[in-house]
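Novice: The structure is given below, and queries will be raised subsequently.
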Amino acid sequence: MLKSFLRRNTYNIQTKFLNTLFLRSVFTGSTTGFKLPLPPEFSQIEDAIEVFKPSEQPASISYFTAKPHYNDLLIYLDELFEKYRNAPKLKRDKNSPTLWILKDHLSSQLGLKLKSTQYRNITRKLNRLDIVVPETAPKLHDFLELFRRIDLEKKKKELEANKTPNRYGVSYAVGKRKEAAAQVWIVEGDGKVFINSVPVADYFSLLKDRETVLYPLNLVDSLNKYNVWAKVKGGGTSGQAGAIAHGITKNLIIHEPSLKPALRKAKLVTRDIRSVERKKPGLAKARKRYTWVKR
Amino acid sequence: MAFRHFYFKTLNKQISLNHYIQPSLLSTCLIVQKRTGTAKPKIKKSAAKTQKNKGFLKKNLLKKSVNEDVEPTLSTSFTKNKELYLPPPVVVLEEMLPEVYVEENIGKIYRFPPEIIPKFEIFKFPPILEQEFSPLPYPSLAIRQSSIQLTKLIENASQKSSAETRIILSGEMGVGKSALLLQTVNYALCKPWIVIYIPFAIKFVNSSYPYIKNKITNEFVQPTLSAELLKQIKAVNGKLLQDITLTRDYKLNKHIIKSNSPVIGLMDIGIKDISCAFQAFEIFLDEIGKNVNYPILLAVDVVNAFYTSTEYTDVDDTYLDPDRLSLPRTILDYFAGKRDFTYGAVIGALSLCHKPYISKPLNIALGLSTPSPWKQYPQNILNYAVGLQRFDVPNYSQTEAKGVLDYYCDGSSILQQSRDKLFQKTFIATNGNPRKLYLSCWKGL
């Protein structure tokens, strides 16, 4: 992704660097750029540069470098820094540095073999840009997102958030059975159960299915303690009922982890992995054989 | 594993046994089983003696009726665990008299008074309710908020013309409309009202009775059905009808009946001579309507059958509308307010069980559904649905459901401790719907 981005945003010939004839200044020693003591062999550089016609001039200076993509990236980052020079910036927090993609990852993404100094250059420039206040420069931070490493701490926090009831006391879990999947939310309440915005008595016509849905709550004596809202799709009637029951058990465990052993004993915690058996060759169905013919 | 709890009728009345059996495992649905299977108890037959006659016919002279003398014994011999096969405890219920329809009694179960049960046996219960009554010791219903409201409406109607009280009971399937109607009929029978109760209006329109065309009125008459209805009304309301007399002379076919003779005479003519049965019925309703002593209740269950096309066919093989049949038409006249009783009420109950007889025009008139701009609805049927009062019947409330479940549990061996849990679960699983509650308890459905 980074590679394609770089290809798309190659350094344009109409930038101030080439307009100021940076090249010329480097090799000829003019006052606009920095001076380099040139050996006498380079006296013909001016002539050499004139060899390049405007139509033949390369798109980017990095043409002359060994790693054009790497240099393009550096040039782009510098340009961004120039652009956001006057933007409001946050104070850098030394204790919590931003995590950038690791060197190996970045190398594979750019399609290059980056050395540690090269990697350090890139991260230094990224750090400079990271200070800019995110609200004022959303596009910049979207670009920087490409380089950010996944924050494991943050991921852990998100996982923890799913495993606890939120500030309103609502817990969420997904239950599955056969081909049915149910999203189940539970909150402390009266004892109402709604499935796809229909009361459970009206959604399932068989008492057996209704009992499977209510079994986890019944087992733990919390029928009147929780309100259940479930969205279920896929599968058939009893598959959906089983999926909702599975979701309810997960939610109950989130609310009260001490209930887990009792629910496990009732075989509600494990996701019932039984599903339709495949058809085999030489058999009519999974197990059904064709009629045996004597001759 | 569910324990089977057998219940069988014995000759002598059962002594109430305060014997609650506590099995170690409880099934989720109630444990009552009425013996309806094919397995019959082994009954010891006394040997039938035959006498050899000279003729080739042998006759069993000493025939004894099997059920009289011999007590039925169970086919299996119970040497152990006899306690598990005791009959369930007898539940004592009070009678459902008019005083009982009070706010305090909501959720309590009452049985029909024994004087009124023979009257219901003449009219017959609605078929679905008859099934629901079978596992219970006697036909009984719970007093609900809606039953109190409806009886109040009827109480007010006893001093008004029936055209002002034309009520239709509506609600979702299994919510208790027929049961509510039954309770009001019982209320009216206890307070002596003259009651005409039709438990199953579909039989009037499903072409199960013979019909014949009346060339003068261009309507079709159902003579046998009219006679049957007159017979039922006479049997139930006989005592009250003796006080009512005719206001003028009538001539029916060849029969003449004079004024000031009792109405029962008119009914007798209709019952005996089928050809003038419908005529007699019409005159009977007229005369009864004029009387001021007793209010009249006309109660029709599955009233939506009178608002859909019937299964009778016309000469050109088209289905007849109910206003072409004389008997449904007279009843519809009372529902529409075209005819009325001086004092009384007209109540009908919808039924969603029989899908072909669900009437869209009636639902539109009652506001239960919106009319489609692309369809034409039969105007003749809509005319009979004007001015009807809709009475919505809700599901059981918590107290009502608790009372009903307690009653079901009393009749079987469920512990008091586990009843609360069972109630919570069944109430959530059934959402308080009466029929679902009954099915979950008695059939596990």
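Following the order of the structure tokens, first chain is A, next is B, and so on, with residues numbered from 1 inside each chain and ligands from 1 in the order they appear.
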Counting only C-alpha atoms, what are the residues of chain B within 7 Å of chain A, and for each of them which pair of atoms is the nearest and at what distance in Å, to one decimal? Sort the table by chain and rising number, as a Markdown table.
Specialist:
| residue | atom | partner | partner_atom | distance |
| --- | --- | --- | --- | --- |
| B:Gln424 | CA | A:Leu223 | CA | 6.9 |
| B:Ile428 | CA | A:Lys192 | CA | 6.9 |
| B:Ala429 | CA | A:Ala201 | CA | 5.1 |
| B:Thr430 | CA | A:Ala201 | CA | 4.8 |
| B:Asn431 | CA | A:Ala201 | CA | 5.6 |
| B:Ser440 | CA | A:Leu207 | CA | 6.7 |
| B:Gly444 | CA | A:Leu207 | CA | 6.8 |
| B:Leu445 | CA | A:Leu207 | CA | 5.0 |
Novice: Please report, as a ChimeraX atom specification, each residue of region 57-160 of chain A to which DSSP assigns helix (DSSP H, G or I) when run on this structure's backbone.
Specialist: /A:61-64,68-83,103-110,116-130,138-145,152-160
Novice: Would you list the contacts of Ile271 (chain B) as a short mmCIF file (atom, residue, chain, number, x, y, z; two decimals) with all heavy atoms, in the first residue's frame, taking every protein, DNA or RNA residue within 7 Å and counting only C-alpha atoms, but skipping same-chain residues closer than 6 positions in sequence?
Specialist:
data_model
loop_
_atom_site.label_atom_id
_atom_site.label_comp_id
_atom_site.auth_asym_id
_atom_site.auth_seq_id
_atom_site.Cartn_x
_atom_site.Cartn_y
_atom_site.Cartn_z
N ALA B 227 -85.59 -24.85 13.61
CA ALA B 227 -86.31 -25.68 14.59
C ALA B 227 -85.38 -26.07 15.73
O ALA B 227 -85.78 -26.04 16.91
CB ALA B 227 -86.85 -26.94 13.90
N LEU B 230 -84.87 -23.10 18.00
CA LEU B 230 -86.06 -22.86 18.83
C LEU B 230 -86.11 -23.86 19.99
O LEU B 230 -86.43 -23.51 21.13
CB LEU B 230 -87.33 -23.01 17.98
CG LEU B 230 -87.78 -21.78 17.19
CD1 LEU B 230 -88.93 -22.14 16.28
CD2 LEU B 230 -88.18 -20.65 18.11
N LYS B 231 -85.78 -25.10 19.67
CA LYS B 231 -85.79 -26.17 20.68
C LYS B 231 -84.81 -25.85 21.81
O LYS B 231 -85.14 -25.98 23.00
CB LYS B 231 -85.38 -27.47 20.00
CG LYS B 231 -85.95 -28.72 20.58
CD LYS B 231 -85.55 -29.89 19.67
CE LYS B 231 -86.01 -31.18 20.27
NZ LYS B 231 -85.61 -32.33 19.43
N ALA B 277 -90.85 -23.21 10.74
CA ALA B 277 -89.96 -23.02 11.89
C ALA B 277 -89.31 -21.64 11.86
O ALA B 277 -89.25 -20.94 12.88
CB ALA B 277 -88.87 -24.10 11.90
#
Novice: For region 370-387 of chain B, work out the shell of residues within 12 Å, counting only C-alpha atoms and skipping chain neighbours fewer than 2 positions away, then give it as JSON, numbers by chain.
Specialist: {"B": [163, 164, 165, 166, 167, 168, 303, 304, 305, 306, 307, 308, 309, 310, 320, 321, 322, 323, 324, 328, 329, 330, 331, 332, 333, 334, 335, 336, 337, 338, 339, 348, 359, 360, 361, 362, 363, 364, 365, 366, 367, 368, 389, 390]}
Novice: Just the number, please: distance in Å from CA of Ile75 (chain A) to CA of Leu106 (chain A), one decimal.
Specialist: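 So the two atoms, CA of Ile75 (chain A) and CA of Leu106 (chain A), lie 17.0 Å apart.
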Novice: With a cut-off of 12 Å, could you pull out the residues of region 154-259 of chain A touching region 140-150 of chain A and give me the nearest pair of atoms for each, distance in Å to one decimal, using only C-alpha atoms, ordered by chain and ascending number, as a tab-separated table?
Specialist:
residue	atom	partner	partner_atom	distance
A:Lys154	CA	A:Ile150	CA	8.3
A:Lys155	CA	A:Ile150	CA	7.9
A:Lys156	CA	A:Ile150	CA	11.0
Novice: What's the 8 Å shell around Ile264 (chain B), counting only C-alpha atoms, without same-chain residues fewer than 5 positions away, as a list in words?
Specialist: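 Neighbouring residues, sequence-local ones excluded: Lys234, Gly238, Leu241 and Gln242 of chain B.
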Novice: Any chance you could export the current selection's C-alpha atoms as a PDB file, in the first residue's frame?
Specialist:
ATOM      1  CA  LYS B 234     -87.142 -23.285  24.759  1.00  0.00           C
ATOM      2  CA  GLY B 238     -88.561 -22.296  29.352  1.00  0.00           C
ATOM      3  CA  LEU B 241     -90.839 -17.684  28.534  1.00  0.00           C
ATOM      4  CA  GLN B 242     -93.960 -18.978  30.238  1.00  0.00           C
TER       5      GLN B 242
END
Novice: Just asking: which residues within region 287-335 of chain B are strand (DSSP E or B) according to DSSP, as a list in words?
Specialist: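 In region 287-335 of chain B, DSSP puts these residues in strand (DSSP E or B): Ile296, Leu297, Leu298, Ala299, Val300, Asp301, Thr313, Tyr319 and Leu325 of chain B.
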Novice: Selection from above, N, CA and C atoms, as an mmCIF file, in the first residue's frame, can you write it?
Specialist:
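This went into part_1.cif:
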data_model
loop_
_atom_site.group_PDB
_atom_site.id
_atom_site.type_symbol
_atom_site.label_atom_id
_atom_site.label_comp_id
_atom_site.auth_asym_id
_atom_site.auth_seq_id
_atom_site.Cartn_x
_atom_site.Cartn_y
_atom_site.Cartn_z
ATOM 1 N N ILE B 296 -82.926 -9.313 27.201
ATOM 2 C CA ILE B 296 -82.539 -10.428 26.328
ATOM 3 C C ILE B 296 -81.083 -10.276 25.904
ATOM 4 N N LEU B 297 -80.366 -11.370 25.955
ATOM 5 C CA LEU B 297 -78.972 -11.377 25.488
ATOM 6 C C LEU B 297 -78.866 -12.282 24.272
ATOM 7 N N LEU B 298 -78.397 -11.698 23.183
ATOM 8 C CA LEU B 298 -78.126 -12.489 21.983
ATOM 9 C C LEU B 298 -76.607 -12.572 21.847
ATOM 10 N N ALA B 299 -76.048 -13.759 22.108
ATOM 11 C CA ALA B 299 -74.596 -13.934 22.096
ATOM 12 C C ALA B 299 -74.214 -14.893 20.984
ATOM 13 N N VAL B 300 -73.305 -14.448 20.137
ATOM 14 C CA VAL B 300 -72.883 -15.266 19.004
ATOM 15 C C VAL B 300 -71.363 -15.376 19.005
ATOM 16 N N ASP B 301 -70.861 -16.597 19.051
ATOM 17 C CA ASP B 301 -69.422 -16.806 18.954
ATOM 18 C C ASP B 301 -69.060 -17.033 17.486
ATOM 19 N N THR B 313 -74.778 -22.510 -1.999
ATOM 20 C CA THR B 313 -74.718 -21.965 -3.365
ATOM 21 C C THR B 313 -76.108 -21.607 -3.847
ATOM 22 N N TYR B 319 -71.619 -18.527 -4.635
ATOM 23 C CA TYR B 319 -71.773 -18.636 -3.188
ATOM 24 C C TYR B 319 -72.688 -17.530 -2.675
ATOM 25 N N LEU B 325 -79.363 -15.653 3.292
ATOM 26 C CA LEU B 325 -79.914 -16.724 4.129
ATOM 27 C C LEU B 325 -80.724 -16.069 5.231
#
Novice: Would you please work out which residue, of A:Thr212, A:Asn251, A:Thr65, A:Gln183, is nearest to Gly234 (chain A) when using only C-alpha atoms?
Specialist: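 The closest residue to Gly234 (chain A) is A:Gln183.
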Novice: For Gly411 (chain B), work out the shell of residues within 7 Å, counting only C-alpha atoms and skipping chain neighbours fewer than 4 positions away, then give it as a list in words.
Specialist: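 That gives Pro88, Pro89, Val90, Val91 and Tyr407 of chain B.
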